[in-house]
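Peer 1: My structure is stored as entry25.txt, with compact mmCIF, C-alpha atoms and all ligand atoms.
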```
# COMPACT_ATOMS: atom_id res chain seq x y z
CA MET X 215 0.00 0.00 0.00
CA GLU X 216 1.34 3.45 -0.87
CA LYS X 217 2.27 5.51 2.16
CA ILE X 218 1.29 9.16 2.33
CA LEU X 219 2.98 11.42 4.86
CA VAL X 220 0.35 13.74 6.34
CA THR X 221 1.87 16.69 8.20
CA GLY X 222 -0.60 18.19 10.63
CA GLY X 223 -2.61 14.99 10.25
CA ALA X 224 -3.88 14.99 13.85
CA GLY X 225 -5.77 18.25 13.31
CA TYR X 226 -9.34 18.90 12.31
CA ILE X 227 -8.96 18.57 8.54
CA GLY X 228 -6.07 16.09 8.82
CA SER X 229 -8.05 13.56 10.82
CA HIS X 230 -10.75 13.55 8.13
CA ILE X 231 -8.12 13.17 5.40
CA CYS X 232 -6.67 10.13 7.19
CA LEU X 233 -10.10 8.48 7.16
CA LYS X 234 -10.46 9.15 3.42
CA LEU X 235 -6.91 7.99 2.63
CA ARG X 236 -7.61 4.63 4.22
CA GLU X 237 -10.96 4.31 2.45
CA SER X 238 -9.13 5.05 -0.82
CA GLY X 239 -6.44 2.39 -0.33
CA TYR X 240 -3.60 4.61 0.92
CA GLN X 241 -1.69 4.21 4.18
CA PRO X 242 -1.46 7.53 6.07
CA VAL X 243 1.62 8.23 8.18
CA VAL X 244 1.04 11.25 10.40
CA LEU X 245 3.65 13.77 11.53
CA ASP X 246 2.24 16.32 13.96
CA ASN X 247 3.67 18.29 16.89
CA LEU X 248 0.26 18.17 18.62
CA SER X 249 0.31 21.94 19.17
CA ASN X 250 -3.28 21.94 17.92
CA GLY X 251 -3.95 18.34 16.95
CA HIS X 252 -4.99 15.38 19.11
CA ARG X 253 -3.45 11.90 18.99
CA ASP X 254 -6.86 10.44 19.80
CA ALA X 255 -8.30 12.05 16.65
CA LEU X 256 -6.56 9.24 14.75
CA ALA X 257 -7.01 5.47 14.76
CA ASN X 258 -4.40 3.80 17.01
CA ASP X 259 -2.86 1.81 14.17
CA ILE X 260 -1.99 4.88 12.05
CA PRO X 261 1.81 5.34 12.27
CA PHE X 262 2.38 8.55 14.19
CA VAL X 263 5.50 10.71 14.57
CA ARG X 264 5.31 13.50 17.13
CA ALA X 265 7.55 16.13 15.58
CA ASP X 266 7.64 19.64 14.24
CA ILE X 267 8.10 20.37 10.52
CA ARG X 268 10.97 22.69 11.50
CA ASP X 269 12.89 19.69 12.89
CA ARG X 270 14.96 18.51 9.93
CA ALA X 271 16.43 15.47 11.74
CA ALA X 272 12.93 14.23 12.58
CA LEU X 273 11.83 14.74 8.96
CA ASP X 274 14.89 12.85 7.69
CA ASP X 275 14.16 9.94 10.04
CA THR X 276 10.52 9.90 8.96
CA PHE X 277 11.34 9.83 5.24
CA LYS X 278 13.96 7.10 5.80
CA THR X 279 11.66 4.95 7.91
CA PHE X 280 8.45 5.19 5.89
CA ARG X 281 9.56 6.10 2.32
CA PRO X 282 6.25 7.87 1.53
CA THR X 283 5.10 8.22 -2.10
CA ALA X 284 3.73 11.68 -1.46
CA VAL X 285 3.11 14.30 1.20
CA ILE X 286 -0.11 16.03 2.15
CA HIS X 287 1.20 19.12 3.91
CA MET X 288 -1.21 20.71 6.34
CA ALA X 289 0.92 21.47 9.39
CA ALA X 290 0.61 25.22 9.97
CA LEU X 291 -0.54 28.01 12.21
CA ILE X 292 -4.01 28.84 10.95
CA GLU X 293 -5.55 31.76 12.81
CA ALA X 294 -5.61 34.83 10.59
CA GLY X 295 -6.48 37.04 13.60
CA LEU X 296 -3.46 35.82 15.61
CA SER X 297 -1.19 36.44 12.62
CA MET X 298 -1.97 40.15 12.95
CA GLU X 299 -0.42 40.00 16.46
CA GLU X 300 2.41 37.49 15.94
CA PRO X 301 3.47 37.55 12.28
CA ALA X 302 6.95 36.16 12.96
CA SER X 303 5.58 32.83 14.19
CA PHE X 304 3.57 32.45 10.98
CA TYR X 305 6.59 33.02 8.75
CA GLU X 306 8.71 30.74 10.90
CA VAL X 307 6.30 27.81 11.22
CA ASN X 308 4.43 28.08 7.93
CA THR X 309 6.95 29.47 5.46
CA ALA X 310 10.30 28.34 6.88
CA GLY X 311 8.80 25.05 8.10
CA SER X 312 7.50 24.32 4.59
CA LEU X 313 10.89 25.06 3.06
CA ASN X 314 12.43 22.63 5.52
CA LEU X 315 9.91 19.99 4.48
CA LEU X 316 10.47 20.61 0.76
CA GLU X 317 14.23 20.28 1.23
CA ALA X 318 13.75 16.99 3.07
CA MET X 319 11.47 15.75 0.26
CA ARG X 320 14.10 16.68 -2.31
CA GLN X 321 16.85 14.93 -0.40
CA HIS X 322 14.80 11.76 0.05
CA GLY X 323 13.39 11.65 -3.49
CA CYS X 324 9.74 12.24 -2.57
CA TRP X 325 8.36 14.23 -5.49
CA GLN X 326 4.65 14.69 -4.88
CA ILE X 327 2.92 17.10 -2.55
CA VAL X 328 -0.61 18.30 -1.97
CA PHE X 329 -0.37 21.58 -0.08
CA SER X 330 -3.01 23.21 2.13
CA SER X 331 -3.27 26.77 0.94
CA THR X 332 -6.02 29.20 1.73
CA ALA X 333 -8.57 31.59 0.29
CA ALA X 334 -6.89 34.19 2.53
CA VAL X 335 -4.30 34.67 -0.27
CA TYR X 336 -6.94 36.59 -2.26
CA GLY X 337 -7.46 39.30 0.36
CA ASN X 338 -10.09 41.98 -0.12
CA THR X 339 -11.77 42.16 -3.50
CA ASN X 340 -15.23 43.24 -4.55
CA LEU X 341 -15.64 40.16 -6.74
CA GLU X 342 -18.59 37.79 -6.47
CA MET X 343 -16.33 34.78 -6.99
CA LEU X 344 -12.60 34.30 -6.83
CA ASP X 345 -10.74 32.32 -9.42
CA GLU X 346 -7.20 31.03 -9.31
CA THR X 347 -5.90 33.42 -11.97
CA LEU X 348 -6.44 36.50 -9.77
CA PRO X 349 -3.35 38.21 -8.37
CA VAL X 350 -2.72 37.29 -4.76
CA ARG X 351 -3.12 40.16 -2.28
CA PRO X 352 -3.41 38.68 1.20
CA GLU X 353 -4.76 40.95 3.93
CA ASN X 354 -2.85 39.34 6.77
CA PRO X 355 0.47 37.61 7.54
CA TYR X 356 -1.27 34.22 7.65
CA GLY X 357 -2.31 34.61 3.99
CA ARG X 358 1.10 36.00 3.08
CA SER X 359 2.90 33.09 4.76
CA LYS X 360 0.83 30.68 2.61
CA ALA X 361 1.24 32.73 -0.60
CA MET X 362 5.02 32.51 -0.15
CA ILE X 363 4.79 28.72 0.04
CA GLU X 364 2.82 28.62 -3.22
CA THR X 365 5.66 30.62 -4.80
CA MET X 366 8.27 28.20 -3.43
CA LEU X 367 6.29 25.25 -4.74
CA ALA X 368 6.10 26.78 -8.23
CA ASP X 369 9.90 27.17 -8.26
CA PHE X 370 10.55 23.67 -6.90
CA CYS X 371 8.27 22.30 -9.62
CA SER X 372 9.77 24.21 -12.54
CA ILE X 373 13.40 23.85 -11.43
CA TYR X 374 13.62 20.57 -9.48
CA GLY X 375 10.77 18.70 -11.16
CA LEU X 376 8.44 18.50 -8.14
CA ARG X 377 4.77 17.67 -8.74
CA ALA X 378 2.50 19.79 -6.57
CA ILE X 379 -1.08 20.94 -6.21
CA ALA X 380 -1.93 23.79 -3.84
CA LEU X 381 -5.53 23.56 -2.67
CA ARG X 382 -6.89 26.93 -1.63
CA TYR X 383 -9.33 26.02 1.11
CA PHE X 384 -12.31 28.19 1.75
CA ASN X 385 -13.98 27.74 5.19
CA ALA X 386 -13.87 24.12 6.32
CA ALA X 387 -16.96 23.21 8.34
CA GLY X 388 -18.87 20.22 9.66
CA ALA X 389 -17.68 16.84 10.84
CA ASP X 390 -17.43 13.27 9.60
CA PRO X 391 -21.05 12.26 8.81
CA ALA X 392 -20.38 8.92 10.56
CA GLY X 393 -19.17 10.76 13.70
CA ARG X 394 -15.59 9.41 13.64
CA ALA X 395 -13.90 12.84 13.57
CA GLY X 396 -14.75 16.49 14.10
CA GLU X 397 -13.48 19.91 15.08
CA ARG X 398 -11.67 20.43 18.42
CA HIS X 399 -9.47 23.52 18.53
CA ASN X 400 -8.10 24.83 21.80
CA PRO X 401 -8.67 27.72 22.11
CA GLU X 402 -11.50 27.68 19.58
CA THR X 403 -11.75 30.77 17.37
CA HIS X 404 -13.88 29.53 14.45
CA LEU X 405 -17.41 30.71 13.93
CA ILE X 406 -19.42 27.48 13.76
CA PRO X 407 -17.87 25.58 16.70
CA LEU X 408 -18.10 28.75 18.83
CA ALA X 409 -21.76 29.15 17.88
CA LEU X 410 -22.42 25.49 18.75
CA SER X 411 -20.83 25.92 22.18
CA ALA X 412 -23.07 28.96 22.65
CA ALA X 413 -26.05 26.82 21.59
CA ALA X 414 -25.01 24.22 24.17
CA ARG X 415 -24.75 27.02 26.78
CA GLN X 416 -21.05 26.28 27.22
CA ARG X 417 -20.35 29.94 26.49
CA ASN X 418 -22.35 33.07 26.88
CA GLY X 419 -23.61 33.89 23.39
CA LEU X 420 -21.70 34.81 20.28
CA LYS X 421 -20.25 38.10 19.11
CA ILE X 422 -20.32 39.06 15.42
CA PHE X 423 -17.04 40.71 14.43
CA GLY X 424 -18.34 43.71 12.51
CA SER X 425 -21.73 44.41 10.94
CA ASP X 426 -20.62 47.39 8.85
CA TYR X 427 -19.04 45.52 5.94
CA ASP X 428 -20.10 46.27 2.38
CA THR X 429 -22.30 43.15 2.16
CA PRO X 430 -26.12 42.83 2.07
CA ASP X 431 -26.50 42.30 5.85
CA GLY X 432 -23.22 44.02 6.80
CA THR X 433 -21.51 40.84 8.06
CA CYS X 434 -18.65 38.98 6.37
CA ILE X 435 -19.44 36.44 3.68
CA ARG X 436 -17.56 33.14 3.48
CA ASP X 437 -17.82 29.97 1.41
CA TYR X 438 -18.29 27.07 3.82
CA VAL X 439 -17.15 23.70 2.54
CA HIS X 440 -17.88 20.39 4.28
CA VAL X 441 -14.73 18.87 5.75
CA ASP X 442 -15.65 15.48 4.25
CA ASP X 443 -15.75 17.09 0.78
CA LEU X 444 -12.51 18.90 1.49
CA ALA X 445 -10.88 15.61 2.45
CA ALA X 446 -12.19 14.02 -0.76
CA ALA X 447 -10.57 16.83 -2.78
CA HIS X 448 -7.17 15.80 -1.37
CA ILE X 449 -7.61 12.25 -2.61
CA ARG X 450 -8.49 13.59 -6.08
CA ALA X 451 -5.40 15.81 -6.04
CA LEU X 452 -3.20 12.97 -4.84
CA ASP X 453 -4.48 10.55 -7.49
CA TYR X 454 -3.92 13.25 -10.09
CA LEU X 455 -0.32 13.90 -9.02
CA ILE X 456 0.57 10.23 -8.76
CA ALA X 457 -0.59 9.80 -12.38
CA GLN X 458 1.76 12.59 -13.58
CA THR X 459 5.14 11.68 -15.04
CA ASN X 460 6.57 15.19 -15.41
CA SER X 461 6.92 18.18 -13.14
CA PHE X 462 3.58 19.75 -12.44
CA PHE X 463 2.19 22.68 -10.49
CA ASP X 464 -1.31 23.98 -10.20
CA ILE X 465 -3.53 25.83 -7.77
CA VAL X 466 -7.14 24.84 -7.17
CA ASN X 467 -9.88 26.48 -5.09
CA ILE X 468 -11.85 24.15 -2.88
CA GLY X 469 -15.17 25.80 -2.09
CA THR X 470 -18.81 25.41 -3.03
CA GLY X 471 -19.23 28.68 -4.96
CA LYS X 472 -21.96 29.79 -2.52
CA GLY X 473 -21.48 32.57 -0.01
CA CYS X 474 -23.05 32.70 3.42
CA SER X 475 -22.90 35.63 5.84
CA VAL X 476 -21.94 35.39 9.51
CA SER X 477 -25.54 36.34 10.40
CA ASP X 478 -26.92 33.58 8.16
CA ILE X 479 -24.60 31.01 9.75
CA LEU X 480 -25.71 32.02 13.24
CA LEU X 481 -29.39 31.77 12.29
CA PHE X 482 -28.74 28.32 10.79
CA CYS X 483 -26.95 27.30 14.01
CA GLN X 484 -29.97 28.41 16.04
CA GLU X 485 -32.30 26.55 13.66
CA VAL X 486 -30.32 23.28 13.62
CA THR X 487 -29.73 23.21 17.38
CA GLY X 488 -33.11 24.63 18.40
CA SER X 489 -31.23 26.92 20.81
CA LYS X 490 -31.74 30.69 20.61
CA PHE X 491 -28.38 31.69 22.08
CA PRO X 492 -27.73 35.44 22.41
CA ILE X 493 -25.99 37.20 19.51
CA SER X 494 -24.38 40.63 19.76
CA THR X 495 -22.14 42.74 17.54
CA THR X 496 -18.66 43.96 18.30
CA ALA X 497 -15.80 45.59 16.37
CA ARG X 498 -14.35 44.10 13.18
CA ARG X 499 -11.57 41.54 13.62
CA PRO X 500 -8.44 43.01 12.00
CA GLY X 501 -7.41 41.32 8.75
CA ASP X 502 -10.86 39.91 7.83
CA PRO X 503 -11.82 40.38 4.15
CA ALA X 504 -15.52 41.20 3.58
CA ARG X 505 -16.21 38.42 1.11
CA LEU X 506 -14.42 35.20 0.12
CA VAL X 507 -16.36 32.92 -2.22
CA ALA X 508 -14.73 30.38 -4.54
CA ASN X 509 -15.17 29.95 -8.20
CA PRO X 510 -15.13 26.13 -8.02
CA ALA X 511 -14.97 25.52 -11.80
CA LYS X 512 -11.34 24.41 -11.87
CA ALA X 513 -11.83 21.89 -9.07
CA LYS X 514 -14.45 20.29 -11.30
CA SER X 515 -12.52 20.51 -14.58
CA LEU X 516 -9.08 19.47 -13.28
CA LEU X 517 -9.94 17.13 -10.40
CA ASN X 518 -13.55 16.22 -11.21
CA TRP X 519 -14.40 17.35 -7.67
CA THR X 520 -17.78 18.73 -6.69
CA PRO X 521 -19.11 19.05 -3.15
CA ARG X 522 -21.57 16.46 -1.93
CA TYR X 523 -22.81 18.64 0.95
CA ALA X 524 -23.33 22.23 -0.22
CA ASP X 525 -25.91 23.36 2.34
CA PRO X 526 -24.32 24.90 5.46
CA ARG X 527 -27.20 23.44 7.51
CA GLU X 528 -25.92 19.94 6.75
CA MET X 529 -22.44 20.96 7.82
CA ILE X 530 -23.78 22.47 11.04
CA SER X 531 -25.92 19.42 11.70
CA HIS X 532 -22.92 17.05 11.39
CA ALA X 533 -20.82 19.38 13.54
CA TRP X 534 -23.59 19.51 16.15
CA SER X 535 -23.82 15.69 16.35
CA TYR X 536 -20.06 15.50 16.82
CA TYR X 537 -20.11 18.30 19.40
CA PHE X 538 -22.79 16.52 21.37
CA ASP X 539 -21.03 13.16 21.38
CA ASN X 540 -17.56 14.55 22.18
CA SER X 541 -18.13 17.55 24.42
CA GLU X 542 -16.18 15.92 27.26
CA LYS X 543 -12.98 15.83 25.15
CA SER X 544 -10.68 18.88 25.32
N1 LIG L 1 -16.53 35.43 13.33
C1 LIG L 1 -17.38 36.19 14.15
N2 LIG L 1 -17.40 35.88 15.48
C2 LIG L 1 -16.63 34.90 16.04
C3 LIG L 1 -15.78 34.14 15.18
C4 LIG L 1 -15.77 34.44 13.83
O1 LIG L 1 -18.09 37.09 13.70
O2 LIG L 1 -16.68 34.71 17.26
C5 LIG L 1 -16.52 35.76 11.88
C6 LIG L 1 -15.14 36.14 11.36
O3 LIG L 1 -14.91 37.53 11.58
C7 LIG L 1 -15.27 35.78 9.88
C8 LIG L 1 -16.20 34.56 9.90
O4 LIG L 1 -16.86 34.59 11.17
O5 LIG L 1 -15.89 36.82 9.16
C9 LIG L 1 -15.47 33.24 9.76
O6 LIG L 1 -14.41 33.26 10.71
P1 LIG L 1 -13.57 31.96 11.07
O7 LIG L 1 -12.60 32.36 12.15
O8 LIG L 1 -14.50 30.83 11.38
O9 LIG L 1 -12.82 31.59 9.72
P2 LIG L 1 -11.86 32.49 8.75
O10 LIG L 1 -12.77 33.09 7.73
O11 LIG L 1 -11.14 33.49 9.60
O12 LIG L 1 -10.96 31.45 8.16
```
Now that the file is in, can you turn its structure into structure tokens?

Peer 2:
Amino acid sequence: MEKILVTGGAGYIGSHICLKLRESGYQPVVLDNLSNGHRDALANDIPFVRADIRDRAALDDTFKTFRPTAVIHMAALIEAGLSMEEPASFYEVNTAGSLNLLEAMRQHGCWQIVFSSTAAVYGNTNLEMLDETLPVRPENPYGRSKAMIETMLADFCSIYGLRAIALRYFNAAGADPAGRAGERHNPETHLIPLALSAAARQRNGLKIFGSDYDTPDGTCIRDYVHVDDLAAAHIRALDYLIAQTNSFFDIVNIGTGKGCSVSDILLFCQEVTGSKFPISTTARRPGDPARLVANPAKAKSLLNWTPRYADPREMISHAWSYYFDNSEKS
């Protein structure tokens, strides 16, 4: 069975990708420093290396021991808001850490990588939909740290012959429909899990960060994509890269093409949970673009990927089931 090294594989999206890899006949090997991930998010028999992507010796050992066919590289700091306070950490972990990983791949002859990029690279635009040909203009250091990695990948592909696909994630949401994995960040900063904890009365209501954006209801619009669909997109990208014989680089949005405002999401959370938790408005969160909605056409044409769950209510409903069944876990 082909082994796939999954950096950051014990995190929210990573744990769903590991489920899909196994269902698709691949053997995941996870490398994660557990700064945000959880060992118990993964089946016990998945090989697990507790290490940081900045630790070259640990990467060398991992490549020598497991000889993976490809890497799915997700390990990163992910909070755009935090990156406005601590940019250095984002460049160190995300950008320098990725360079370290790419150098280890080159040394050990591993030539395929699916990279977790982000819609944050687009920054503020007034466009209905974002397509991959737009210039990148990230609004925050998080987006810039990821845009730099895309640039490095392009160079490694054209000069060293790497094969890479950067998936620009829009807003991952939901949980495994069978309840085997879900979202557990600590501290939690994401909209839907925070709203669900408010619905469960584990926190006192939810604050909307800004209602004076240039959008129909004044709150930010995002494209929420089910984590199970997002995981499936990685398998498509991996299959695609493994079938390539020459160097290859491309960038693909993974979103549904439908925008949903913060207010809409909160109303859906109240509807799905049946809990009318209090909602108030506070100041904008620095670095938040008003609208980020994918043009998903390339995901369909290149990877034949389309989302199975496009309604945010389904995502919230799966997340709510997971929340309910796992609320005792930290
Ligand atoms: N948001 C909010 N209140 C919160 C958390 C998030 O209004 O307590 C907003 C946030 O400003 C953004 C949207 O919800 O417009 C999605 O934020 P999240 O952190 O979930 O994902 P991001 O878009 O930053 O990747």

Peer 1: Using 10 Å as the limit and counting only C-alpha atoms and all ligand atoms, can you tabulate each residue of chain X that touches ligand LIG 1 (chain L), with its shortest atom-to-atom distance in Å and the two atoms involved, as JSON lines?

Peer 2:
```
{"residue": "X:Ile292", "atom": "CA", "partner": "L:LIG1", "partner_atom": "O12", "distance": 7.9}
{"residue": "X:Glu293", "atom": "CA", "partner": "L:LIG1", "partner_atom": "O11", "distance": 6.7}
{"residue": "X:Ala294", "atom": "CA", "partner": "L:LIG1", "partner_atom": "O11", "distance": 5.8}
{"residue": "X:Gly295", "atom": "CA", "partner": "L:LIG1", "partner_atom": "O11", "distance": 7.1}
{"residue": "X:Thr332", "atom": "CA", "partner": "L:LIG1", "partner_atom": "O12", "distance": 8.4}
{"residue": "X:Ala333", "atom": "CA", "partner": "L:LIG1", "partner_atom": "O12", "distance": 8.2}
{"residue": "X:Ala334", "atom": "CA", "partner": "L:LIG1", "partner_atom": "O12", "distance": 7.5}
{"residue": "X:Tyr383", "atom": "CA", "partner": "L:LIG1", "partner_atom": "O12", "distance": 9.0}
{"residue": "X:Phe384", "atom": "CA", "partner": "L:LIG1", "partner_atom": "O12", "distance": 7.3}
{"residue": "X:Asn385", "atom": "CA", "partner": "L:LIG1", "partner_atom": "O12", "distance": 5.6}
{"residue": "X:Ala386", "atom": "CA", "partner": "L:LIG1", "partner_atom": "O12", "distance": 8.1}
{"residue": "X:Ala387", "atom": "CA", "partner": "L:LIG1", "partner_atom": "O8", "distance": 8.6}
{"residue": "X:Glu402", "atom": "CA", "partner": "L:LIG1", "partner_atom": "O7", "distance": 8.8}
{"residue": "X:Thr403", "atom": "CA", "partner": "L:LIG1", "partner_atom": "O7", "distance": 5.5}
{"residue": "X:His404", "atom": "CA", "partner": "L:LIG1", "partner_atom": "O8", "distance": 3.4}
{"residue": "X:Leu405", "atom": "CA", "partner": "L:LIG1", "partner_atom": "O8", "distance": 3.9}
{"residue": "X:Ile406", "atom": "CA", "partner": "L:LIG1", "partner_atom": "O8", "distance": 6.4}
{"residue": "X:Pro407", "atom": "CA", "partner": "L:LIG1", "partner_atom": "O8", "distance": 8.2}
{"residue": "X:Leu408", "atom": "CA", "partner": "L:LIG1", "partner_atom": "O2", "distance": 6.3}
{"residue": "X:Ala409", "atom": "CA", "partner": "L:LIG1", "partner_atom": "O2", "distance": 7.6}
{"residue": "X:Gly419", "atom": "CA", "partner": "L:LIG1", "partner_atom": "O2", "distance": 9.3}
{"residue": "X:Leu420", "atom": "CA", "partner": "L:LIG1", "partner_atom": "O2", "distance": 5.9}
{"residue": "X:Lys421", "atom": "CA", "partner": "L:LIG1", "partner_atom": "N2", "distance": 5.1}
{"residue": "X:Ile422", "atom": "CA", "partner": "L:LIG1", "partner_atom": "O1", "distance": 3.4}
{"residue": "X:Phe423", "atom": "CA", "partner": "L:LIG1", "partner_atom": "O1", "distance": 3.8}
{"residue": "X:Gly424", "atom": "CA", "partner": "L:LIG1", "partner_atom": "O1", "distance": 6.7}
{"residue": "X:Ser425", "atom": "CA", "partner": "L:LIG1", "partner_atom": "O1", "distance": 8.6}
{"residue": "X:Tyr427", "atom": "CA", "partner": "L:LIG1", "partner_atom": "O5", "distance": 9.8}
{"residue": "X:Thr433", "atom": "CA", "partner": "L:LIG1", "partner_atom": "O5", "distance": 7.0}
{"residue": "X:Cys434", "atom": "CA", "partner": "L:LIG1", "partner_atom": "O5", "distance": 4.5}
{"residue": "X:Ile435", "atom": "CA", "partner": "L:LIG1", "partner_atom": "O5", "distance": 6.5}
{"residue": "X:Arg436", "atom": "CA", "partner": "L:LIG1", "partner_atom": "O10", "distance": 6.4}
{"residue": "X:Asp437", "atom": "CA", "partner": "L:LIG1", "partner_atom": "O10", "distance": 8.7}
{"residue": "X:Tyr438", "atom": "CA", "partner": "L:LIG1", "partner_atom": "C9", "distance": 9.0}
{"residue": "X:Cys474", "atom": "CA", "partner": "L:LIG1", "partner_atom": "C8", "distance": 9.6}
{"residue": "X:Ser475", "atom": "CA", "partner": "L:LIG1", "partner_atom": "O5", "distance": 7.8}
{"residue": "X:Val476", "atom": "CA", "partner": "L:LIG1", "partner_atom": "O4", "distance": 5.4}
{"residue": "X:Ser477", "atom": "CA", "partner": "L:LIG1", "partner_atom": "O1", "distance": 8.2}
{"residue": "X:Ile479", "atom": "CA", "partner": "L:LIG1", "partner_atom": "O4", "distance": 8.6}
{"residue": "X:Leu480", "atom": "CA", "partner": "L:LIG1", "partner_atom": "O1", "distance": 9.2}
{"residue": "X:Ile493", "atom": "CA", "partner": "L:LIG1", "partner_atom": "N2", "distance": 9.6}
{"residue": "X:Ser494", "atom": "CA", "partner": "L:LIG1", "partner_atom": "O1", "distance": 9.4}
{"residue": "X:Thr495", "atom": "CA", "partner": "L:LIG1", "partner_atom": "O1", "distance": 7.9}
{"residue": "X:Thr496", "atom": "CA", "partner": "L:LIG1", "partner_atom": "O1", "distance": 8.3}
{"residue": "X:Ala497", "atom": "CA", "partner": "L:LIG1", "partner_atom": "O1", "distance": 9.2}
{"residue": "X:Arg498", "atom": "CA", "partner": "L:LIG1", "partner_atom": "O3", "distance": 6.8}
{"residue": "X:Arg499", "atom": "CA", "partner": "L:LIG1", "partner_atom": "O3", "distance": 5.6}
{"residue": "X:Pro500", "atom": "CA", "partner": "L:LIG1", "partner_atom": "O3", "distance": 8.5}
{"residue": "X:Gly501", "atom": "CA", "partner": "L:LIG1", "partner_atom": "O11", "distance": 8.7}
{"residue": "X:Asp502", "atom": "CA", "partner": "L:LIG1", "partner_atom": "O3", "distance": 6.0}
{"residue": "X:Pro503", "atom": "CA", "partner": "L:LIG1", "partner_atom": "O5", "distance": 7.4}
{"residue": "X:Ala504", "atom": "CA", "partner": "L:LIG1", "partner_atom": "O5", "distance": 7.1}
{"residue": "X:Arg505", "atom": "CA", "partner": "L:LIG1", "partner_atom": "O5", "distance": 8.2}
{"residue": "X:Leu506", "atom": "CA", "partner": "L:LIG1", "partner_atom": "O10", "distance": 8.1}
```

Peer 1: Pull C-alpha atoms from the residues just selected and write them as an mmCIF file, in the frame of the given file.

Peer 2:
```cif
data_model
loop_
_atom_site.group_PDB
_atom_site.id
_atom_site.type_symbol
_atom_site.label_atom_id
_atom_site.label_comp_id
_atom_site.auth_asym_id
_atom_site.auth_seq_id
_atom_site.Cartn_x
_atom_site.Cartn_y
_atom_site.Cartn_z
ATOM 1 C CA ILE X 292 -4.010 28.840 10.950
ATOM 2 C CA GLU X 293 -5.550 31.760 12.810
ATOM 3 C CA ALA X 294 -5.610 34.830 10.590
ATOM 4 C CA GLY X 295 -6.480 37.040 13.600
ATOM 5 C CA THR X 332 -6.020 29.200 1.730
ATOM 6 C CA ALA X 333 -8.570 31.590 0.290
ATOM 7 C CA ALA X 334 -6.890 34.190 2.530
ATOM 8 C CA TYR X 383 -9.330 26.020 1.110
ATOM 9 C CA PHE X 384 -12.310 28.190 1.750
ATOM 10 C CA ASN X 385 -13.980 27.740 5.190
ATOM 11 C CA ALA X 386 -13.870 24.120 6.320
ATOM 12 C CA ALA X 387 -16.960 23.210 8.340
ATOM 13 C CA GLU X 402 -11.500 27.680 19.580
ATOM 14 C CA THR X 403 -11.750 30.770 17.370
ATOM 15 C CA HIS X 404 -13.880 29.530 14.450
ATOM 16 C CA LEU X 405 -17.410 30.710 13.930
ATOM 17 C CA ILE X 406 -19.420 27.480 13.760
ATOM 18 C CA PRO X 407 -17.870 25.580 16.700
ATOM 19 C CA LEU X 408 -18.100 28.750 18.830
ATOM 20 C CA ALA X 409 -21.760 29.150 17.880
ATOM 21 C CA GLY X 419 -23.610 33.890 23.390
ATOM 22 C CA LEU X 420 -21.700 34.810 20.280
ATOM 23 C CA LYS X 421 -20.250 38.100 19.110
ATOM 24 C CA ILE X 422 -20.320 39.060 15.420
ATOM 25 C CA PHE X 423 -17.040 40.710 14.430
ATOM 26 C CA GLY X 424 -18.340 43.710 12.510
ATOM 27 C CA SER X 425 -21.730 44.410 10.940
ATOM 28 C CA TYR X 427 -19.040 45.520 5.940
ATOM 29 C CA THR X 433 -21.510 40.840 8.060
ATOM 30 C CA CYS X 434 -18.650 38.980 6.370
ATOM 31 C CA ILE X 435 -19.440 36.440 3.680
ATOM 32 C CA ARG X 436 -17.560 33.140 3.480
ATOM 33 C CA ASP X 437 -17.820 29.970 1.410
ATOM 34 C CA TYR X 438 -18.290 27.070 3.820
ATOM 35 C CA CYS X 474 -23.050 32.700 3.420
ATOM 36 C CA SER X 475 -22.900 35.630 5.840
ATOM 37 C CA VAL X 476 -21.940 35.390 9.510
ATOM 38 C CA SER X 477 -25.540 36.340 10.400
ATOM 39 C CA ILE X 479 -24.600 31.010 9.750
ATOM 40 C CA LEU X 480 -25.710 32.020 13.240
ATOM 41 C CA ILE X 493 -25.990 37.200 19.510
ATOM 42 C CA SER X 494 -24.380 40.630 19.760
ATOM 43 C CA THR X 495 -22.140 42.740 17.540
ATOM 44 C CA THR X 496 -18.660 43.960 18.300
ATOM 45 C CA ALA X 497 -15.800 45.590 16.370
ATOM 46 C CA ARG X 498 -14.350 44.100 13.180
ATOM 47 C CA ARG X 499 -11.570 41.540 13.620
ATOM 48 C CA PRO X 500 -8.440 43.010 12.000
ATOM 49 C CA GLY X 501 -7.410 41.320 8.750
ATOM 50 C CA ASP X 502 -10.860 39.910 7.830
ATOM 51 C CA PRO X 503 -11.820 40.380 4.150
ATOM 52 C CA ALA X 504 -15.520 41.200 3.580
ATOM 53 C CA ARG X 505 -16.210 38.420 1.110
ATOM 54 C CA LEU X 506 -14.420 35.200 0.120
#
```

Peer 1: Just the residues within 12 Å of X:Thr279, please, counting only C-alpha atoms, with nothing from its chain fewer than 3 positions along; format it as a PyMOL selection string.

Peer 2: chain X and resi 217+219+243+261-263+272-276+282+322

Peer 1: As a list in words, please: the residues near X:Ala457 (cut-off 12 Å, all atoms listed in the file, same-chain neighbours under 3 positions excluded).

Peer 2: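 Result of the neighbour search: Thr283, Ala284, Gln326, Arg377, Ala378, Arg450, Ala451, Leu452, Asp453, Tyr454, Asn460, Ser461 and Phe462 of chain X.
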
Peer 1: Generate the output file for the selected residues, C-alpha atoms, as a compact mmCIF listing (two decimals), keeping the file's coordinate frame.

Peer 2:
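For reference, part_39.txt as written:
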```txt
# COMPACT_ATOMS: atom_id res chain seq x y z
CA THR X 283 5.10 8.22 -2.10
CA ALA X 284 3.73 11.68 -1.46
CA GLN X 326 4.65 14.69 -4.88
CA ARG X 377 4.77 17.67 -8.74
CA ALA X 378 2.50 19.79 -6.57
CA ARG X 450 -8.49 13.59 -6.08
CA ALA X 451 -5.40 15.81 -6.04
CA LEU X 452 -3.20 12.97 -4.84
CA ASP X 453 -4.48 10.55 -7.49
CA TYR X 454 -3.92 13.25 -10.09
CA ASN X 460 6.57 15.19 -15.41
CA SER X 461 6.92 18.18 -13.14
CA PHE X 462 3.58 19.75 -12.44
```
